[in-house]
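See below for the structure under consideration.
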Amino acid sequence: MDRNLRIRMLLEGADRLTRPLREAAGGSSRLSQALRITRDRMKEIERAQADIGEFRELKTGLAETSRRMQEAQSRTTQLGRAIAQTENPTKKMHREFEQVRREAARLSDEHGQQSSRLQALRSRMAAAGVSTRDLASHERRLRTEAASTNDTLREQERRLQQLADRSRRVAAARNQFSQIQGTATGLAAGGAAAIGTGMVIARPLEEAVSGALEYEATMTDINQKVNQTREAGRRMGKDLRVAALVVNQMPADLQKGVDTLTGFGLGARQATDMMTPIGRAATAYKAEIDDLGRATFAAHDNLKVPIEQTGKALDVMAQAGKGGAFEVKDMAQYFPELTASMQSLGSKGVPAVADLAAALQITRKGAGDSAGAANNLQNLISKINAGDTIKNFARFGIDIPAAMKKAAKDGRSPIEEIVRLTQQATGGDQAKLSSLFGDMQVQQALRPLMSAFKEYQAIRADALGANGTVNIDFAERMQDGAEKVKRLQIQSKLLKDTVGEQLMPTVAAASEYLSGWASRISDLARRHPNLTRGIAVAAGVMAALFVILGGGAIIIAGLVAPFAALAGAATLLGIGMLPLIGIVAGVMLGIGLLVGAGYLLYAKWDAIAGWFGGIWTEITGYFSGGIAGISAFLINFSPMGLLYGGIAALLNWLGIDVPSRLSQAGSEMIRGLINGITSMLGALKSTIVDAAGSAARWFKEKLGIHSPSRVFAQFGGYMMQGLDGGIQSEQRAPIDRVKALAADISRAMAVGAATPAIAAASTGAGAQPAMARSAPAGTAPPATYNLHFHGVTGSPQDIAQAVKQAMEQLERERRGRGFGDEGDA
């Protein structure tokens with residue numbers, strides 16, 4: 001999982017966890033503010049009520065003070081008059097006058113103060129919306145507002161208490177979650193640390209034992225190839241470990257080189273002795289030990305280089321590589337084939353190695369890469385004794401076989417000899433090489449050898465004189481930082497192998513001991529299968545427990561976290577764990593049902609797709625059938641159609657055959673209705689005709705009509721006048737009626753209904769209406785209309801138009817005829 005995604009998930013989880021607390025805090029703050037506003041409003045109401053009470057008291061007191069003030073003023077006036085009318089007023093009269101005057105002054109001041117206070121109250125009450133003219137209604141309103149405000153206060157205090165409780169639950173849930181989460185985190189951290197520590201401690205030991213076991217297995221392979229004892233192989237392994245540190249190569253790589261050499265047939269000691277110079281050369285020139293091992297064995301086997309001269313041969317190869325572009329690691333790759341060809345020419349020993357190494361440096365000049373140079377030299381050596389070569393040289397008087405044998409006897413290089421003989425035959429003219437060698441690769445090898453023959457001789461001489469070249473280059477290579485790091489790695493590997501060797505006996509003993517127990521358990525299993533089954537089950541359970549305990553802390557932390565969240569949610573909501581677990585279980589069950597439904601859809605998709613395909617085919621068939629098909633579709637797939645389909649299926653299961661679709665039943669119903677109407681048309685016609693005849697006779701008898709034309713002529717005048725007015729006011733009604741009739745006929749024709757009054761269309765030029773009259777003697781003949789249509793298509797619009805035209809024609813003919821006169825009686 002991406003690190004940013006994990007951080008985002010943690011932040012979202014923290015936000016969701018703390019959101020209830022933040023919402024509770026925000027809600028508490030808003031509710032506290034609303035409560036403060038409500039209390040302020042309550043104070044205003046109480047103050048208004050107090051003002052009204054005080055106003056009433058002041059008003060009453062003002063009236064009393066006014067009465068007393070008027071009485072005191074009246075008394076003062078009376079006493080003043082009495083004193084004025086008395087010649088010698090007494091002191092008592094003066095004293096009483098002063099008392100009454102002071103009382104009047106005091107009452108006047110008190111009246112003024114009360115009036116000011118009353119006016120101030122009146123102004124404050126007016127500012128509060130309270131009129132002193134209707135104190136009773138304002139008191140009632142204030143009492144109502146006070147009651148409502150008290151209710152609001154109680155509700156707000158209740159909600160504030162709920163928010164406080166919720167805040168306490170949120171805090172408790174958060175603390176509980178933090179405690180459980182801290183415990184889980186501690187367990188997880190402790191478990192992870194313990195597992196990590198165990199893995200860190202066990203990993204080197206595991207690698208040490210694994211490396212020692214693998215090393216021992218390879219030594220066993222070598223022992224089998226050289227037929228030596230296990231103890232000899234163990235000593236060889238120790239010698240290779242010592243050599244690995246000396247040559248700065250991994251023990252496994254030296255072991256692989258020994259395995260290659262012994263695979264070619266060398267003895268164990270010979271292969272071990274060759275490993276030190278080979279390892280030094282591989283380190284000095286960054287070559288593969290396996291390739292150098294193959295090359296040195298080829299020199300030993302093909303060129304007969306002694307084992308003890310392996311170091312010398314490698315010095316020769318290294319020194320020759322310094323003289324050209326063909327390096328030691330390239331020689332190691334191509335020496336096995338080249339030395340095999342040189343053997344056929346009788347060349348052997350370290351000089352043969354020098355000869356090949358020097359020749360490769362020269363042929364590299366005429367080739368694009370080392371592979372081409374080695375291929376060219378290989379072709380040259382193999383063509384020296386070829387039949388064509390012998391014949392071509394014979395034409396120049398040169399016996400190639402004899403010359404090569406003499407050169408080998410004299411100790412001369414076969415490569416040097418063939419170059420000398422070629423120069424002799426061609427006179428140094430390389431253009432004549434094709435007369436001696438037709439092979440292009442041979443020519444590409446000879447040209448640089450002929451041109452740089454002196455250089456070839458110098459490189460070979462320097463190579464043969466080399467002594468300790470590999471050791472010098474090895475010492476220089478060991479100054480590289482990479483090789484120093486590699487030396488540390490080798491030492492670490494040797495330490496691991498040493499530890500592994502020490503642990504191997506314990507591991508082997510434990511494995512052998514466990515193998516013994518496994519053998520005993522196997523025997524017990526064969527003798528007691530039921531007991532074995534029980535032990536196996538118990539072992540499986542124990543294994544599972546130990547696996548769980550291995551990462552137990554982490555797993556427990558993972559399991560505790562959801563329950564901690566559930567516990568916090570339960571504390572927050574103020575409910576128990578069981579209802580919350582039930583809700584979670586219900587959600588999980590719903591998810592499971594959805595998954596199951598999805599699986600069933602997937603498993604049964606072929607059948608479902610087939611069923612929907614059949615339904616779709618049926619629907620498209622309905623729509624392809626035009627209007628009638630669409631009507632049948634609407635009938636069959638309506639709620640009534642679906643209900644009918646279910647009932648029909650039930651009745652069919654009971655053995656009662658019913659139509660499978662409402663369209664079929666509807667068709668049969670319409671067909672029955674048409675047949676019924678058709679069969680009763682004759683009776684309907686007779687009834688209408690009889691009614692018309694009876695009406696005519698009644699009119700003639702009641703009105704005494706003998707000449708209907710004269711009577712009805714007068715009526716006709718009145719009728720025309722009324723008709724004219726009626727037509728003007730209702731002139732649109734007949735047209736609308738005809739249009740409605742045409743539309744009804746069109747709809748009837750669209751659903752396949754027909755009446756016997758409308759005949760099938762036949763070919764012709766037009767519609768010819770005809771009218772026949774037949775009636776019994778002495779009665780008015782009933783009118784019968786027969787409509788014949790010619791050249792009318794089956795379109796409902798065409799049929800409606802034809803009916804309209806025929807009816808208009810009949811109406812015109814009817815209006816043109818009058819009643820026949822029968823004469824006067």
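By convention in this document, the chains of the structure tokens carry letters A, B, ... by their order, each chain's residues are numbered from 1, and ligands are numbered from 1 in the order they are shown.
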Q | Selection near stretch 335-347 of chain A, 9 Å with only C-alpha atoms, sequence-local residues under 2 positions removed, as a ChimeraX atom specification | A | /A:294-299,301-304,330-333,349,351-353,356,374,377-378,381-382,384-385,404-405,408-409,411-414
Q. Near A:Asp221, within 9 Å and counting only C-alpha atoms, which residues show up once chain neighbours fewer than 5 positions away are dropped, as a ChimeraX atom specification?
A. /A:216,226,259
Selection from above, C-alpha atoms, as a CSV table (one decimal), in the first residue's frame, can you write it?
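Once everything was written out, this is part-v1.csv:
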```
chain,number,residue,atom,x,y,z
A,216,GLU,CA,29.8,-30.2,2.5
A,226,VAL,CA,38.1,-38.7,-7.0
A,259,ASP,CA,34.9,-29.8,-9.1
```
Q: Would you mind listing what lies within 8 Å of A:Gly428 as a PyMOL selection string, with only C-alpha atoms counted and same-chain residues fewer than 5 positions away left out?
A: chain A and resi 422-423+450
Atoms kept (C-alpha atoms) for selection, written as a tab-separated table (two decimals), in the first residue's frame:
```tsv
chain	number	residue	atom	x	y	z
A	422	THR	CA	54.31	-19.39	-46.36
A	423	GLN	CA	56.70	-16.49	-46.79
A	450	MET	CA	53.43	-12.35	-41.78
```
Excluding stretch 317-324 of chain A and residues on its chain fewer than 6 positions from it, collect all residues at most 10 Å away from it, counting only C-alpha atoms, and give them as a compact mmCIF listing (two decimals) with all heavy atoms, in the first residue's frame.
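New file around_7.txt:
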```txt
# COMPACT_ATOMS: atom_id res chain seq x y z
N ALA A 281 45.32 -15.70 -10.46
CA ALA A 281 45.14 -15.14 -11.81
C ALA A 281 43.71 -14.63 -12.00
O ALA A 281 43.48 -13.57 -12.61
CB ALA A 281 45.47 -16.20 -12.86
N ALA A 284 43.58 -11.34 -10.19
CA ALA A 284 44.40 -10.30 -10.81
C ALA A 284 43.76 -9.79 -12.09
O ALA A 284 43.79 -8.58 -12.37
CB ALA A 284 45.80 -10.84 -11.09
N TYR A 285 43.18 -10.69 -12.88
CA TYR A 285 42.69 -10.30 -14.21
C TYR A 285 41.15 -10.37 -14.33
O TYR A 285 40.63 -10.29 -15.44
CB TYR A 285 43.35 -11.17 -15.28
CG TYR A 285 44.86 -11.16 -15.15
CD1 TYR A 285 45.56 -12.31 -14.79
CD2 TYR A 285 45.59 -9.98 -15.36
CE1 TYR A 285 46.94 -12.30 -14.66
CE2 TYR A 285 46.97 -9.96 -15.23
CZ TYR A 285 47.63 -11.12 -14.87
OH TYR A 285 49.00 -11.11 -14.72
N GLY A 311 51.47 -22.30 -12.55
CA GLY A 311 51.74 -20.89 -12.29
C GLY A 311 52.56 -20.27 -13.40
O GLY A 311 52.29 -19.13 -13.80
N ASP A 330 40.18 -13.77 -21.91
CA ASP A 330 39.79 -14.26 -23.23
C ASP A 330 40.51 -15.56 -23.55
O ASP A 330 39.92 -16.48 -24.13
CB ASP A 330 40.11 -13.21 -24.30
CG ASP A 330 39.35 -11.91 -24.06
OD1 ASP A 330 38.19 -11.99 -23.60
OD2 ASP A 330 39.91 -10.83 -24.32
N MET A 331 41.81 -15.64 -23.20
CA MET A 331 42.56 -16.89 -23.42
C MET A 331 41.93 -18.04 -22.65
O MET A 331 41.85 -19.18 -23.14
CB MET A 331 44.03 -16.71 -22.99
CG MET A 331 44.80 -15.68 -23.76
SD MET A 331 46.51 -15.58 -23.16
CE MET A 331 46.98 -13.95 -23.69
N ALA A 332 41.49 -17.76 -21.42
CA ALA A 332 40.87 -18.81 -20.62
C ALA A 332 39.64 -19.38 -21.31
O ALA A 332 39.34 -20.57 -21.17
CB ALA A 332 40.49 -18.23 -19.26
N VAL A 350 55.25 -25.47 -21.80
CA VAL A 350 55.03 -24.04 -21.61
C VAL A 350 55.33 -23.26 -22.89
O VAL A 350 54.62 -22.28 -23.20
CB VAL A 350 55.87 -23.53 -20.43
CG1 VAL A 350 55.78 -22.00 -20.32
CG2 VAL A 350 55.41 -24.16 -19.13
N VAL A 353 52.32 -22.95 -24.89
CA VAL A 353 51.41 -21.95 -24.33
C VAL A 353 51.82 -20.55 -24.76
O VAL A 353 50.99 -19.72 -25.16
CB VAL A 353 51.39 -22.05 -22.79
CG1 VAL A 353 50.56 -20.94 -22.19
CG2 VAL A 353 50.88 -23.41 -22.36
N ALA A 354 53.16 -20.29 -24.71
CA ALA A 354 53.66 -18.98 -25.14
C ALA A 354 53.40 -18.76 -26.62
O ALA A 354 53.06 -17.64 -27.04
CB ALA A 354 55.15 -18.87 -24.83
N ASP A 355 53.57 -19.80 -27.43
CA ASP A 355 53.34 -19.69 -28.86
C ASP A 355 51.88 -19.29 -29.15
O ASP A 355 51.61 -18.39 -29.93
CB ASP A 355 53.67 -21.02 -29.52
CG ASP A 355 53.93 -20.86 -31.01
OD1 ASP A 355 54.14 -19.72 -31.45
OD2 ASP A 355 53.88 -21.87 -31.74
N LEU A 356 50.95 -19.99 -28.50
CA LEU A 356 49.53 -19.68 -28.70
C LEU A 356 49.20 -18.27 -28.20
O LEU A 356 48.50 -17.51 -28.87
CB LEU A 356 48.66 -20.70 -27.96
CG LEU A 356 48.36 -22.01 -28.69
CD1 LEU A 356 47.55 -22.92 -27.78
CD2 LEU A 356 47.59 -21.74 -29.97
N ALA A 357 49.69 -17.94 -27.03
CA ALA A 357 49.37 -16.63 -26.45
C ALA A 357 49.89 -15.50 -27.32
O ALA A 357 49.21 -14.50 -27.53
CB ALA A 357 49.93 -16.53 -25.04
N ALA A 358 51.11 -15.63 -27.84
CA ALA A 358 51.68 -14.60 -28.69
C ALA A 358 50.94 -14.52 -30.01
O ALA A 358 50.67 -13.43 -30.54
CB ALA A 358 53.16 -14.88 -28.92
N ALA A 359 50.64 -15.69 -30.63
CA ALA A 359 49.91 -15.69 -31.90
C ALA A 359 48.54 -15.03 -31.76
O ALA A 359 48.07 -14.33 -32.67
CB ALA A 359 49.79 -17.12 -32.41
N LEU A 360 47.89 -15.26 -30.63
CA LEU A 360 46.57 -14.65 -30.42
C LEU A 360 46.67 -13.13 -30.37
O LEU A 360 45.76 -12.43 -30.84
CB LEU A 360 45.94 -15.17 -29.12
CG LEU A 360 45.41 -16.61 -29.20
CD1 LEU A 360 45.01 -17.11 -27.82
CD2 LEU A 360 44.21 -16.70 -30.14
N GLN A 361 47.76 -12.59 -29.83
CA GLN A 361 47.91 -11.14 -29.79
C GLN A 361 48.03 -10.56 -31.19
O GLN A 361 47.50 -9.47 -31.48
CB GLN A 361 49.16 -10.76 -28.97
CG GLN A 361 49.21 -11.35 -27.58
CD GLN A 361 47.97 -11.09 -26.75
OE1 GLN A 361 47.43 -9.97 -26.77
NE2 GLN A 361 47.50 -12.12 -26.06
N ILE A 362 48.72 -11.32 -32.11
CA ILE A 362 48.91 -10.82 -33.47
C ILE A 362 47.64 -11.00 -34.30
O ILE A 362 47.24 -10.09 -35.04
CB ILE A 362 50.10 -11.53 -34.14
CG1 ILE A 362 51.38 -11.32 -33.29
CG2 ILE A 362 50.32 -11.01 -35.54
CD1 ILE A 362 51.73 -9.88 -33.05
N THR A 363 46.99 -12.17 -34.21
CA THR A 363 45.77 -12.40 -35.01
C THR A 363 44.64 -11.47 -34.56
O THR A 363 43.73 -11.19 -35.34
CB THR A 363 45.31 -13.85 -34.89
OG1 THR A 363 45.12 -14.19 -33.50
CG2 THR A 363 46.34 -14.79 -35.49
N ARG A 364 44.75 -10.99 -33.32
CA ARG A 364 43.72 -10.05 -32.85
C ARG A 364 43.77 -8.76 -33.64
O ARG A 364 42.74 -8.07 -33.77
CB ARG A 364 43.96 -9.76 -31.36
CG ARG A 364 43.01 -8.77 -30.74
CD ARG A 364 41.58 -9.34 -30.69
NE ARG A 364 40.66 -8.44 -30.02
CZ ARG A 364 40.10 -7.37 -30.55
NH1 ARG A 364 40.38 -7.06 -31.81
NH2 ARG A 364 39.28 -6.61 -29.88
N LYS A 365 44.98 -8.44 -34.23
CA LYS A 365 45.09 -7.23 -35.01
C LYS A 365 44.24 -7.29 -36.28
O LYS A 365 43.79 -6.27 -36.78
CB LYS A 365 46.56 -6.99 -35.40
CG LYS A 365 47.50 -6.72 -34.22
CD LYS A 365 48.94 -6.59 -34.71
CE LYS A 365 49.90 -6.33 -33.56
NZ LYS A 365 49.69 -5.01 -32.95
N GLU A 455 57.22 -8.90 -34.25
CA GLU A 455 56.48 -8.59 -33.00
C GLU A 455 56.00 -9.88 -32.35
O GLU A 455 56.03 -10.01 -31.12
CB GLU A 455 55.29 -7.68 -33.31
CG GLU A 455 54.53 -7.22 -32.07
CD GLU A 455 53.37 -6.31 -32.42
OE1 GLU A 455 53.18 -5.97 -33.60
OE2 GLU A 455 52.65 -5.92 -31.46
N TYR A 456 55.53 -10.78 -33.15
CA TYR A 456 55.09 -12.08 -32.62
C TYR A 456 56.24 -12.76 -31.88
O TYR A 456 56.06 -13.28 -30.76
CB TYR A 456 54.58 -12.95 -33.77
CG TYR A 456 54.62 -14.43 -33.51
CD1 TYR A 456 53.75 -15.05 -32.61
CD2 TYR A 456 55.57 -15.23 -34.16
CE1 TYR A 456 53.81 -16.41 -32.37
CE2 TYR A 456 55.64 -16.59 -33.93
CZ TYR A 456 54.75 -17.17 -33.03
OH TYR A 456 54.82 -18.52 -32.79
N ALA A 458 58.85 -11.39 -30.55
CA ALA A 458 59.21 -10.64 -29.34
C ALA A 458 58.23 -10.92 -28.21
O ALA A 458 58.62 -11.11 -27.04
CB ALA A 458 59.24 -9.15 -29.66
N ILE A 459 56.91 -10.95 -28.52
CA ILE A 459 55.91 -11.22 -27.50
C ILE A 459 56.11 -12.62 -26.93
O ILE A 459 56.02 -12.83 -25.70
CB ILE A 459 54.49 -11.08 -28.09
CG1 ILE A 459 54.20 -9.60 -28.42
CG2 ILE A 459 53.43 -11.59 -27.11
CD1 ILE A 459 52.89 -9.38 -29.14
N ARG A 460 56.39 -13.57 -27.80
CA ARG A 460 56.59 -14.94 -27.33
C ARG A 460 57.83 -15.02 -26.44
O ARG A 460 57.81 -15.70 -25.39
CB ARG A 460 56.75 -15.88 -28.52
CG ARG A 460 56.83 -17.35 -28.14
CD ARG A 460 57.03 -18.22 -29.35
NE ARG A 460 58.31 -17.92 -29.99
CZ ARG A 460 58.75 -18.53 -31.10
NH1 ARG A 460 57.99 -19.43 -31.68
NH2 ARG A 460 59.92 -18.21 -31.64
N ALA A 461 58.88 -14.35 -26.82
CA ALA A 461 60.10 -14.39 -26.02
C ALA A 461 59.86 -13.74 -24.65
O ALA A 461 60.30 -14.28 -23.61
CB ALA A 461 61.23 -13.65 -26.75
N ASP A 462 59.16 -12.59 -24.60
CA ASP A 462 58.85 -11.95 -23.32
C ASP A 462 57.97 -12.85 -22.45
O ASP A 462 58.16 -12.91 -21.23
CB ASP A 462 58.14 -10.62 -23.55
CG ASP A 462 59.07 -9.56 -24.13
OD1 ASP A 462 60.31 -9.73 -24.04
OD2 ASP A 462 58.55 -8.57 -24.68
N ALA A 463 57.04 -13.52 -23.08
CA ALA A 463 56.14 -14.39 -22.32
C ALA A 463 56.90 -15.55 -21.72
O ALA A 463 56.69 -15.92 -20.55
CB ALA A 463 55.02 -14.90 -23.23
N LEU A 464 57.80 -16.13 -22.49
CA LEU A 464 58.57 -17.25 -21.97
C LEU A 464 59.49 -16.81 -20.84
O LEU A 464 59.81 -17.61 -19.93
CB LEU A 464 59.40 -17.89 -23.10
CG LEU A 464 58.62 -18.77 -24.07
CD1 LEU A 464 59.51 -19.20 -25.25
CD2 LEU A 464 58.10 -20.02 -23.34
N GLY A 465 59.89 -15.58 -20.84
CA GLY A 465 60.77 -15.08 -19.79
C GLY A 465 60.03 -14.57 -18.56
O GLY A 465 60.66 -14.11 -17.60
N ALA A 466 58.71 -14.60 -18.60
CA ALA A 466 57.93 -14.08 -17.47
C ALA A 466 58.13 -14.95 -16.25
O ALA A 466 58.19 -16.18 -16.33
CB ALA A 466 56.46 -14.03 -17.85
N ASN A 467 58.19 -14.28 -15.09
CA ASN A 467 58.35 -15.00 -13.84
C ASN A 467 57.69 -14.16 -12.72
O ASN A 467 58.18 -13.09 -12.37
CB ASN A 467 59.83 -15.24 -13.53
CG ASN A 467 60.02 -16.11 -12.31
OD1 ASN A 467 59.08 -16.76 -11.82
ND2 ASN A 467 61.25 -16.14 -11.79
N GLY A 468 56.60 -14.65 -12.21
CA GLY A 468 55.91 -13.94 -11.12
C GLY A 468 55.00 -12.82 -11.61
O GLY A 468 54.60 -11.96 -10.80
N THR A 469 54.66 -12.82 -12.87
CA THR A 469 53.79 -11.75 -13.41
C THR A 469 52.42 -11.76 -12.72
O THR A 469 51.89 -10.70 -12.34
CB THR A 469 53.62 -11.93 -14.92
OG1 THR A 469 54.91 -11.92 -15.55
CG2 THR A 469 52.76 -10.81 -15.49
N VAL A 470 51.88 -12.96 -12.56
CA VAL A 470 50.54 -13.06 -11.94
C VAL A 470 50.59 -12.56 -10.51
O VAL A 470 49.69 -11.83 -10.05
CB VAL A 470 50.03 -14.50 -12.01
CG1 VAL A 470 48.74 -14.66 -11.21
CG2 VAL A 470 49.83 -14.93 -13.45
N ASP A 473 50.76 -8.74 -10.45
CA ASP A 473 49.46 -8.14 -10.79
C ASP A 473 48.42 -8.42 -9.70
O ASP A 473 47.54 -7.58 -9.44
CB ASP A 473 48.97 -8.69 -12.12
CG ASP A 473 49.82 -8.19 -13.29
OD1 ASP A 473 50.53 -7.18 -13.11
OD2 ASP A 473 49.75 -8.80 -14.37
```
Q) What does the distance between atom CA of A:Asp410 and atom CA of A:Lys454 come to in Å, to one decimal place? A)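 Between atom CA of A:Asp410 and atom CA of A:Lys454 the gap works out to 20.0 Å.
Each of A:Ile415, A:Ala171, A:Ala607, A:Leu495 was compared to A:Ala445 using only C-alpha atoms, and A:Ile415 turns out to be the nearest.
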**Q.** For A:Met440: contacts at 12 Å, only C-alpha atoms, fewer than 5 positions along chain excluded, given as a count of residues only
**A.** 15
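Here atom CA of A:Gly211 and atom CA of A:Glu501 stand 9.2 Å from one another.
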Q.
Applying 10 Å and only C-alpha atoms, which residues near A:Gln249 remain after dropping the ones on its own chain fewer than 6 positions away? List them as a list of chain:residue names.
A.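 That gives A:Leu240, A:Arg241, A:Ala243, A:Thr276, A:Gly279, A:Arg280, A:Ala282, A:Thr283, A:Ile289, A:Glu483, A:Lys486, A:Arg487, A:Gln489, A:Ile490.
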Q: Go ahead and compute the interatomic distance for atom CA of A:Thr65 and atom CA of A:Glu46, in Å to one decimal.
A: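 Calculated distance between atom CA of A:Thr65 and atom CA of A:Glu46 is 27.8 Å.
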**Q.** Minimum-distance residue to A:Pro505, chosen among A:Ala212, A:Thr60, A:Gln176, A:Leu524 (using only C-alpha atoms)
**A.**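 When distances to A:Pro505 are compared using only C-alpha atoms, the smallest one comes from A:Ala212.
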Q | Using only C-alpha atoms: which of A:Gly582, A:Gly80, A:Gly190, A:Gly540 has the shortest distance to A:Arg95 | A |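 For A:Arg95, the nearest of the candidates is A:Gly80.
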**Q.** Nearest residue to A:His300 from the set A:Ala325, A:Ala271, A:Met125, A:Ala164 (distances using only C-alpha atoms)
**A.**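 So, comparing all the options, the nearest one is A:Ala271.
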